[in-house]
Amino acid sequence: MLQATNRSPRTIELYVRGITLFEGFVRERGMPTAVDAIAREHVEAFFAWMMGDGGYAAASAKAYYDGIRQFFRWCEEEGEV
């Protein structure tokens with residue numbers, strides 16, 4: 001999907017890294033990992049962690065947010081959520 005929307009390889013890499021970080025975050029904390037069970041509060045907790053204890057810069061958090069948003073948008077289009 002991302003190649004079809006003309007995303008650069010670097011952007012795609014950032015988006016995938018964001019999803020991977022998010023998946024690890026929810027798994028380590030015992031949060032749901034099924035796409036249809038993930039709620040806004042889980043995503044908000046992830047970004048709170050990124051900006052706090054995670055030590056990520058705001059620009060990095062924004063890039064990962066964009067990737068996570070694209071992923072869930074795709075899941076919605078595919079009928080997964």
# chains A, B, ... in the order shown; residues from 1 in each chain; ligands from 1

call {"tool": "residues_around", "arguments": {"residues": "Phe46 in chain A", "least_positions_apart": "5", "cutoff": "12 Å", "atoms": "only C-alpha atoms", "output": "number ranges by chain"}}
result
A: 18-29, 31, 38-41, 51-56, 61, 64-65, 68

call {"tool": "closest_residue", "arguments": {"among": "A:Ala34, A:Val16, A:Ala45, A:Ala59", "to": "Cys75 in chain A", "atoms": "only C-alpha atoms"}}
result
A:Ala34

call {"tool": "select_by_dssp", "arguments": {"residues": "chain A", "states": "alpha helix (DSSP H)", "output": "MDAnalysis selection string"}}
result
chainID A and resid 9:28 40:51 58:77

call {"tool": "atom_distance", "arguments": {"atom1": "CA of Val81 in chain A", "atom2": "CA of Val35 in chain A"}}
result
6.8 Å

call {"tool": "decode", "arguments": {"residues": "range 46-58 of chain A", "atoms": "all heavy atoms", "output": "CSV table (one decimal), in the first residue's frame"}}
result
chain,number,residue,atom,x,y,z
A,46,PHE,N,1.5,4.4,24.5
A,46,PHE,CA,2.7,4.3,23.8
A,46,PHE,C,3.4,5.6,23.5
A,46,PHE,O,4.6,5.7,23.8
A,46,PHE,CB,2.4,3.5,22.5
A,46,PHE,CG,3.6,3.4,21.5
A,46,PHE,CD1,4.7,2.7,21.9
A,46,PHE,CD2,3.6,4.1,20.3
A,46,PHE,CE1,5.8,2.6,21.0
A,46,PHE,CE2,4.6,4.0,19.5
A,46,PHE,CZ,5.7,3.3,19.8
A,47,PHE,N,2.6,6.6,23.1
A,47,PHE,CA,3.2,7.9,22.8
A,47,PHE,C,3.6,8.6,24.1
A,47,PHE,O,4.6,9.3,24.1
A,47,PHE,CB,2.3,8.7,21.9
A,47,PHE,CG,2.4,8.2,20.5
A,47,PHE,CD1,1.3,7.5,20.0
A,47,PHE,CD2,3.5,8.4,19.8
A,47,PHE,CE1,1.4,7.0,18.7
A,47,PHE,CE2,3.6,7.8,18.5
A,47,PHE,CZ,2.5,7.1,18.0
A,48,ALA,N,2.9,8.4,25.2
A,48,ALA,CA,3.3,9.0,26.5
A,48,ALA,C,4.7,8.4,26.9
A,48,ALA,O,5.6,9.1,27.4
A,48,ALA,CB,2.3,8.7,27.5
A,49,TRP,N,4.8,7.1,26.7
A,49,TRP,CA,6.1,6.4,27.0
A,49,TRP,C,7.2,6.9,26.1
A,49,TRP,O,8.3,7.2,26.6
A,49,TRP,CB,5.9,4.9,26.8
A,49,TRP,CG,7.2,4.2,26.9
A,49,TRP,CD1,7.9,3.8,28.0
A,49,TRP,CD2,8.0,3.8,25.7
A,49,TRP,NE1,9.1,3.2,27.6
A,49,TRP,CE2,9.2,3.2,26.2
A,49,TRP,CE3,7.8,3.8,24.4
A,49,TRP,CZ2,10.1,2.6,25.4
A,49,TRP,CZ3,8.8,3.3,23.5
A,49,TRP,CH2,9.9,2.7,24.0
A,50,MET,N,6.9,7.0,24.8
A,50,MET,CA,7.9,7.5,23.9
A,50,MET,C,8.5,8.9,24.3
A,50,MET,O,9.7,9.1,24.3
A,50,MET,CB,7.4,7.6,22.5
A,50,MET,CG,7.2,6.3,21.7
A,50,MET,SD,6.9,6.6,20.0
A,50,MET,CE,8.5,7.0,19.4
A,51,MET,N,7.6,9.8,24.7
A,51,MET,CA,8.0,11.1,25.0
A,51,MET,C,8.5,11.2,26.4
A,51,MET,O,9.2,12.2,26.8
A,51,MET,CB,6.8,12.1,24.8
A,51,MET,CG,6.3,12.1,23.4
A,51,MET,SD,7.5,12.7,22.2
A,51,MET,CE,7.8,14.3,22.7
A,52,GLY,N,8.3,10.2,27.2
A,52,GLY,CA,8.8,10.2,28.6
A,52,GLY,C,10.0,9.3,28.8
A,52,GLY,O,11.1,9.6,28.3
A,53,ASP,N,9.7,8.1,29.4
A,53,ASP,CA,10.7,7.2,29.7
A,53,ASP,C,11.4,6.6,28.4
A,53,ASP,O,12.6,6.1,28.5
A,53,ASP,CB,10.2,6.0,30.5
A,53,ASP,CG,9.8,6.4,31.9
A,53,ASP,OD1,10.3,7.5,32.4
A,53,ASP,OD2,8.9,5.7,32.5
A,54,GLY,N,10.7,6.6,27.3
A,54,GLY,CA,11.3,6.1,26.1
A,54,GLY,C,12.4,6.9,25.5
A,54,GLY,O,13.3,6.4,24.8
A,55,GLY,N,12.4,8.2,25.9
A,55,GLY,CA,13.5,9.1,25.4
A,55,GLY,C,13.5,9.5,24.0
A,55,GLY,O,14.5,9.9,23.5
A,56,TYR,N,12.4,9.4,23.3
A,56,TYR,CA,12.3,9.7,21.9
A,56,TYR,C,12.1,11.2,21.7
A,56,TYR,O,11.3,11.8,22.5
A,56,TYR,CB,11.2,8.9,21.2
A,56,TYR,CG,11.6,7.5,21.0
A,56,TYR,CD1,11.4,6.5,22.0
A,56,TYR,CD2,12.2,7.0,19.8
A,56,TYR,CE1,11.7,5.2,21.8
A,56,TYR,CE2,12.6,5.7,19.6
A,56,TYR,CZ,12.3,4.8,20.7
A,56,TYR,OH,12.7,3.5,20.5
A,57,ALA,N,12.6,11.8,20.7
A,57,ALA,CA,12.4,13.2,20.3
A,57,ALA,C,11.0,13.3,19.7
A,57,ALA,O,10.4,12.3,19.2
A,57,ALA,CB,13.4,13.7,19.3
A,58,ALA,N,10.4,14.5,19.8
A,58,ALA,CA,9.1,14.8,19.3
A,58,ALA,C,9.0,14.4,17.8
A,58,ALA,O,8.0,13.9,17.3
A,58,ALA,CB,8.7,16.2,19.5
